[in-house]
Amino acid sequence: MVWNELIVCYLFLAGLGAGSFLLASVTGWLSGSTKKIRLIGSVVGLATVAVGTLLLMVDARAGLGSPARFFGLVSNLGSPMAWGVLCLSVFLVIAAASLIFQLAKKKVPKFIDVLGMLCSLGVATYTGVLLGAAKAYPLWNMAILPALFVVSAALAGFSLVSAIAYFSARDELPSLTFMPKAEVVLPVLVGVLFAALLVATAAVPGDSAHAAASLSVQRMLVGSFASVFWIGVVVCGIVVPLVAGVCRLISKRRDVTNVGMIGYVASCIGEFAMRYVIVMAAVSITLGAAF
Amino acid sequence: MQRAETKSGKRPFMLVDVSLCIGCHACVNACKFENELEIKQFNTWIETWDAGEYPNVVRANVPHLCNHCDDAPCLAVCPTGATYRNDDGLILVDQEKCIGCKYCMAACPFSVRWQNDAGEVEKCTFCVNRTSAGLLPACAGNCPTHARLFGDLNDPNSEVAKKVAELGAESMLPELGIGTNTCYVGLAETNALPKSSSVLHGGRVAVKLEEMGA
């Protein structure tokens, strides 16, 4: 594995921020009062993506030593990383602009919300494409990772914003009318896509790729990453949020309760665990070739 | 052997005959002296294991180095253009442009890239400083058994082109179809034999035998 915990944190924060700001942007189309929730989503989105971007720069040690080299980052537009840098830059500008409108007590223009949604989806998608394009790691499946990272980013971001709103804007939570359903659908999608990732990985063709892929899956299910996988990804990231979501959906008033709060916290832990195992448990085709 | 065209019309190429390699590490040491590499910095290394089942066992020695691929995954993902292809088709890194994002390292299927103390990525250059002046790469020049042949594949009179015409050339991961310019003779045959020992990198255990059943 070439990348380490720093990149795991970056991928987590980028997803969390993208999901948070996506929720903030979507509130522009809701009828109820959502001012405080929008503010929470915008602040969290801007802060987490900004911190994540800083981690990315810290990880790129040679660039940190000679910062002028970062200006070359968009030299090769064939590289997903160049597009990622553009996505992150536009995201930070749009999130800051949206925040400025809100702090100035002005209505956020519709085009800012549209751009906010697009660049949130862009940031979440690209983190999956980034890994998918590194073909030496069969676990990093280009067909599945982008979608998986988008739904898990939405789950974690929506959860974090809702959790903060539970303490500081509880009166606005009912305005997020789609949330009771989203809290059931998103964990299910994360589960289905992760299962698809495991199946697709186990079925990778080619002797060396297959050996590397099998070892990656084995490391997750029964090997050195099994506890993070089962407790983090499966229990915290899928089962607990799903149970909490179903409890809310079938309840009479569909209010957020303490059970819902447990689901929110678990979602965030689960998203971190998922990106952790996907980055850290991946085995290179080089090692597969040695088998 | 069909190869992507280069601007210069040349095609620097290395052919490694696995049956001739005795695992002496002269190439590794010559590379280290030529490129002034420190401990734990390797542009080339030899993987060694016992192939076959006792008593029919042979010692496999497989040198690894940059494959200077025609369709190089590292080149495709480098965001800054630090990784580039020169006129002869060699894949090189301009350290002045490298930010150390490690994307090329994640993309390389042969894991030949590494970071120096400043975080910049380095790897085998086919000794471009020597070969552009008509000399051999340090590894090939110091190989006592001629296991490593280097030359212009596009020159039919070169030693390497003649041997490729005679014996063919195999890629290390042929299923990737990325047109490697480091090729082997006898690699598939060696890989087809069951492994009866751990795989060593330069004499150190890299993959334990008991892990290989996984």
# chains A, B, ... in the order shown; residues from 1 in each chain; ligands from 1
>>> interface_residues(of="chain B", to="chain A", cutoff="7 Å", atoms="only C-alpha atoms", output="PyMOL selection string")
chain B and resi 76-81+97-102+105-111+118-120+175+212+214
>>> residues_around(residues="stretch 42-54 of chain A", least_positions_apart="6", cutoff="7 Å", atoms="only C-alpha atoms", output="mmCIF file with N, CA, C and O atoms, in the first residue's frame")
data_model
loop_
_atom_site.group_PDB
_atom_site.id
_atom_site.type_symbol
_atom_site.label_atom_id
_atom_site.label_comp_id
_atom_site.auth_asym_id
_atom_site.auth_seq_id
_atom_site.Cartn_x
_atom_site.Cartn_y
_atom_site.Cartn_z
ATOM 1 N N TYR A 10 -7.980 12.219 4.565
ATOM 2 C CA TYR A 10 -8.370 13.147 3.502
ATOM 3 C C TYR A 10 -9.621 12.646 2.782
ATOM 4 O O TYR A 10 -10.582 13.402 2.587
ATOM 5 N N LEU A 13 -12.621 13.118 5.080
ATOM 6 C CA LEU A 13 -13.045 14.511 5.252
ATOM 7 C C LEU A 13 -13.650 15.074 3.962
ATOM 8 O O LEU A 13 -14.633 15.811 3.999
ATOM 9 N N ALA A 14 -13.071 14.698 2.810
ATOM 10 C CA ALA A 14 -13.617 15.178 1.535
ATOM 11 C C ALA A 14 -15.037 14.660 1.350
ATOM 12 O O ALA A 14 -15.940 15.409 0.952
ATOM 13 N N GLY A 17 -17.390 16.381 3.971
ATOM 14 C CA GLY A 17 -17.655 17.769 3.582
ATOM 15 C C GLY A 17 -18.565 17.859 2.374
ATOM 16 O O GLY A 17 -19.470 18.700 2.317
ATOM 17 N N ALA A 18 -18.332 16.973 1.402
ATOM 18 C CA ALA A 18 -19.161 16.981 0.195
ATOM 19 C C ALA A 18 -20.605 16.660 0.555
ATOM 20 O O ALA A 18 -21.539 17.330 0.097
ATOM 21 N N SER A 20 -22.079 17.065 3.505
ATOM 22 C CA SER A 20 -22.631 18.155 4.314
ATOM 23 C C SER A 20 -23.071 19.328 3.444
ATOM 24 O O SER A 20 -24.162 19.875 3.603
ATOM 25 N N PHE A 21 -22.195 19.701 2.508
ATOM 26 C CA PHE A 21 -22.513 20.863 1.673
ATOM 27 C C PHE A 21 -23.596 20.520 0.649
ATOM 28 O O PHE A 21 -24.378 21.395 0.243
ATOM 29 N N ALA A 24 -26.672 21.177 2.509
ATOM 30 C CA ALA A 24 -26.882 22.627 2.622
ATOM 31 C C ALA A 24 -27.422 23.199 1.314
ATOM 32 O O ALA A 24 -28.319 24.050 1.317
ATOM 33 N N LEU A 92 -14.367 24.796 -2.762
ATOM 34 C CA LEU A 92 -14.011 25.717 -1.678
ATOM 35 C C LEU A 92 -14.505 27.130 -1.979
ATOM 36 O O LEU A 92 -15.010 27.838 -1.094
ATOM 37 N N ALA A 95 -18.453 27.063 -1.697
ATOM 38 C CA ALA A 95 -18.876 26.932 -0.296
ATOM 39 C C ALA A 95 -18.625 28.237 0.449
ATOM 40 O O ALA A 95 -19.457 28.681 1.249
ATOM 41 N N ALA A 96 -17.485 28.880 0.163
ATOM 42 C CA ALA A 96 -17.180 30.162 0.815
ATOM 43 C C ALA A 96 -18.181 31.224 0.374
ATOM 44 O O ALA A 96 -18.676 32.002 1.191
ATOM 45 N N LEU A 99 -21.485 30.714 2.043
ATOM 46 C CA LEU A 99 -21.380 31.101 3.451
ATOM 47 C C LEU A 99 -21.425 32.627 3.611
ATOM 48 O O LEU A 99 -22.076 33.147 4.531
#
>>> residues_around(residues="stretch 237-242 of chain A", least_positions_apart="6", cutoff="7 Å", atoms="only C-alpha atoms", output="list in words")
Glu183, Val184, Pro187, Val190, Gly191, Gly263, Tyr264, Ala266, Ser267, Ile269, Gly270 and Glu271 of chain A
>>> closest_residue(among="A:Val123, A:Met274, A:Ile164, A:Leu30", to="A:Val90", atoms="only C-alpha atoms")
A:Val123
>>> closest_residue(among="B:Val199, B:Ala161, B:Val128, B:Val16", to="B:Asn86", atoms="only C-alpha atoms")
B:Val128
>>> atom_distance(atom1="atom CA of B:Trp49", atom2="atom CA of B:Ser197")
5.7 Å
>>> atom_distance(atom1="atom CA of B:Val18", atom2="atom CA of B:Leu37")
24.9 Å
>>> residues_around(residues="stretch 63-68 of chain B", least_positions_apart="5", cutoff="7 Å", atoms="only C-alpha atoms", output="MDAnalysis selection string")
chainID B and resid 43:47 90:91 112 123:124 180:182
>>> write_last_selection(atoms="N, CA, C and O atoms", output="PDB file, in the first residue's frame")
ATOM      1  N   ASN B  43      16.714   0.948  -7.726  1.00  0.00           N
ATOM      2  CA  ASN B  43      16.110   1.081  -9.050  1.00  0.00           C
ATOM      3  C   ASN B  43      15.935  -0.289  -9.696  1.00  0.00           C
ATOM      4  O   ASN B  43      15.195  -0.435 -10.657  1.00  0.00           O
ATOM      5  N   THR B  44      16.683  -1.257  -9.185  1.00  0.00           N
ATOM      6  CA  THR B  44      16.525  -2.633  -9.650  1.00  0.00           C
ATOM      7  C   THR B  44      16.798  -3.553  -8.474  1.00  0.00           C
ATOM      8  O   THR B  44      17.495  -3.175  -7.525  1.00  0.00           O
ATOM      9  N   TRP B  45      16.177  -4.711  -8.482  1.00  0.00           N
ATOM     10  CA  TRP B  45      16.419  -5.701  -7.434  1.00  0.00           C
ATOM     11  C   TRP B  45      16.167  -7.083  -8.029  1.00  0.00           C
ATOM     12  O   TRP B  45      15.615  -7.200  -9.128  1.00  0.00           O
ATOM     13  N   ILE B  46      16.610  -8.112  -7.305  1.00  0.00           N
ATOM     14  CA  ILE B  46      16.417  -9.469  -7.807  1.00  0.00           C
ATOM     15  C   ILE B  46      15.499 -10.229  -6.863  1.00  0.00           C
ATOM     16  O   ILE B  46      15.705 -10.221  -5.642  1.00  0.00           O
ATOM     17  N   GLU B  47      14.465 -10.825  -7.426  1.00  0.00           N
ATOM     18  CA  GLU B  47      13.592 -11.693  -6.631  1.00  0.00           C
ATOM     19  C   GLU B  47      14.055 -13.129  -6.831  1.00  0.00           C
ATOM     20  O   GLU B  47      14.309 -13.555  -7.958  1.00  0.00           O
ATOM     21  N   LEU B  90      11.752   6.675 -23.347  1.00  0.00           N
ATOM     22  CA  LEU B  90      12.000   6.329 -21.943  1.00  0.00           C
ATOM     23  C   LEU B  90      11.043   7.095 -21.034  1.00  0.00           C
ATOM     24  O   LEU B  90      10.736   8.259 -21.285  1.00  0.00           O
ATOM     25  N   ILE B  91      10.575   6.437 -19.978  1.00  0.00           N
ATOM     26  CA  ILE B  91       9.742   7.106 -18.981  1.00  0.00           C
ATOM     27  C   ILE B  91      10.681   7.645 -17.903  1.00  0.00           C
ATOM     28  O   ILE B  91      11.414   6.894 -17.258  1.00  0.00           O
ATOM     29  N   VAL B 112       8.043  -0.214  -9.086  1.00  0.00           N
ATOM     30  CA  VAL B 112       9.469   0.112  -9.243  1.00  0.00           C
ATOM     31  C   VAL B 112       9.798   1.522  -8.753  1.00  0.00           C
ATOM     32  O   VAL B 112      10.955   1.921  -8.749  1.00  0.00           O
ATOM     33  N   LYS B 123      13.178   6.420  -9.920  1.00  0.00           N
ATOM     34  CA  LYS B 123      13.098   5.045 -10.442  1.00  0.00           C
ATOM     35  C   LYS B 123      14.193   4.860 -11.482  1.00  0.00           C
ATOM     36  O   LYS B 123      14.935   5.798 -11.780  1.00  0.00           O
ATOM     37  N   CYS B 124      14.261   3.658 -12.048  1.00  0.00           N
ATOM     38  CA  CYS B 124      15.240   3.342 -13.089  1.00  0.00           C
ATOM     39  C   CYS B 124      15.043   4.236 -14.305  1.00  0.00           C
ATOM     40  O   CYS B 124      13.920   4.466 -14.749  1.00  0.00           O
ATOM     41  N   THR B 180       5.594  -3.439 -22.505  1.00  0.00           N
ATOM     42  CA  THR B 180       6.770  -3.199 -21.668  1.00  0.00           C
ATOM     43  C   THR B 180       8.043  -3.229 -22.510  1.00  0.00           C
ATOM     44  O   THR B 180       8.171  -4.041 -23.418  1.00  0.00           O
ATOM     45  N   ASN B 181       8.981  -2.338 -22.192  1.00  0.00           N
ATOM     46  CA  ASN B 181      10.268  -2.316 -22.887  1.00  0.00           C
ATOM     47  C   ASN B 181      11.388  -2.925 -22.065  1.00  0.00           C
ATOM     48  O   ASN B 181      12.565  -2.800 -22.394  1.00  0.00           O
ATOM     49  N   THR B 182      10.995  -3.548 -20.936  1.00  0.00           N
ATOM     50  CA  THR B 182      11.864  -4.507 -20.267  1.00  0.00           C
ATOM     51  C   THR B 182      11.128  -5.823 -20.442  1.00  0.00           C
ATOM     52  O   THR B 182       9.960  -5.914 -20.073  1.00  0.00           O
TER      53      THR B 182
END
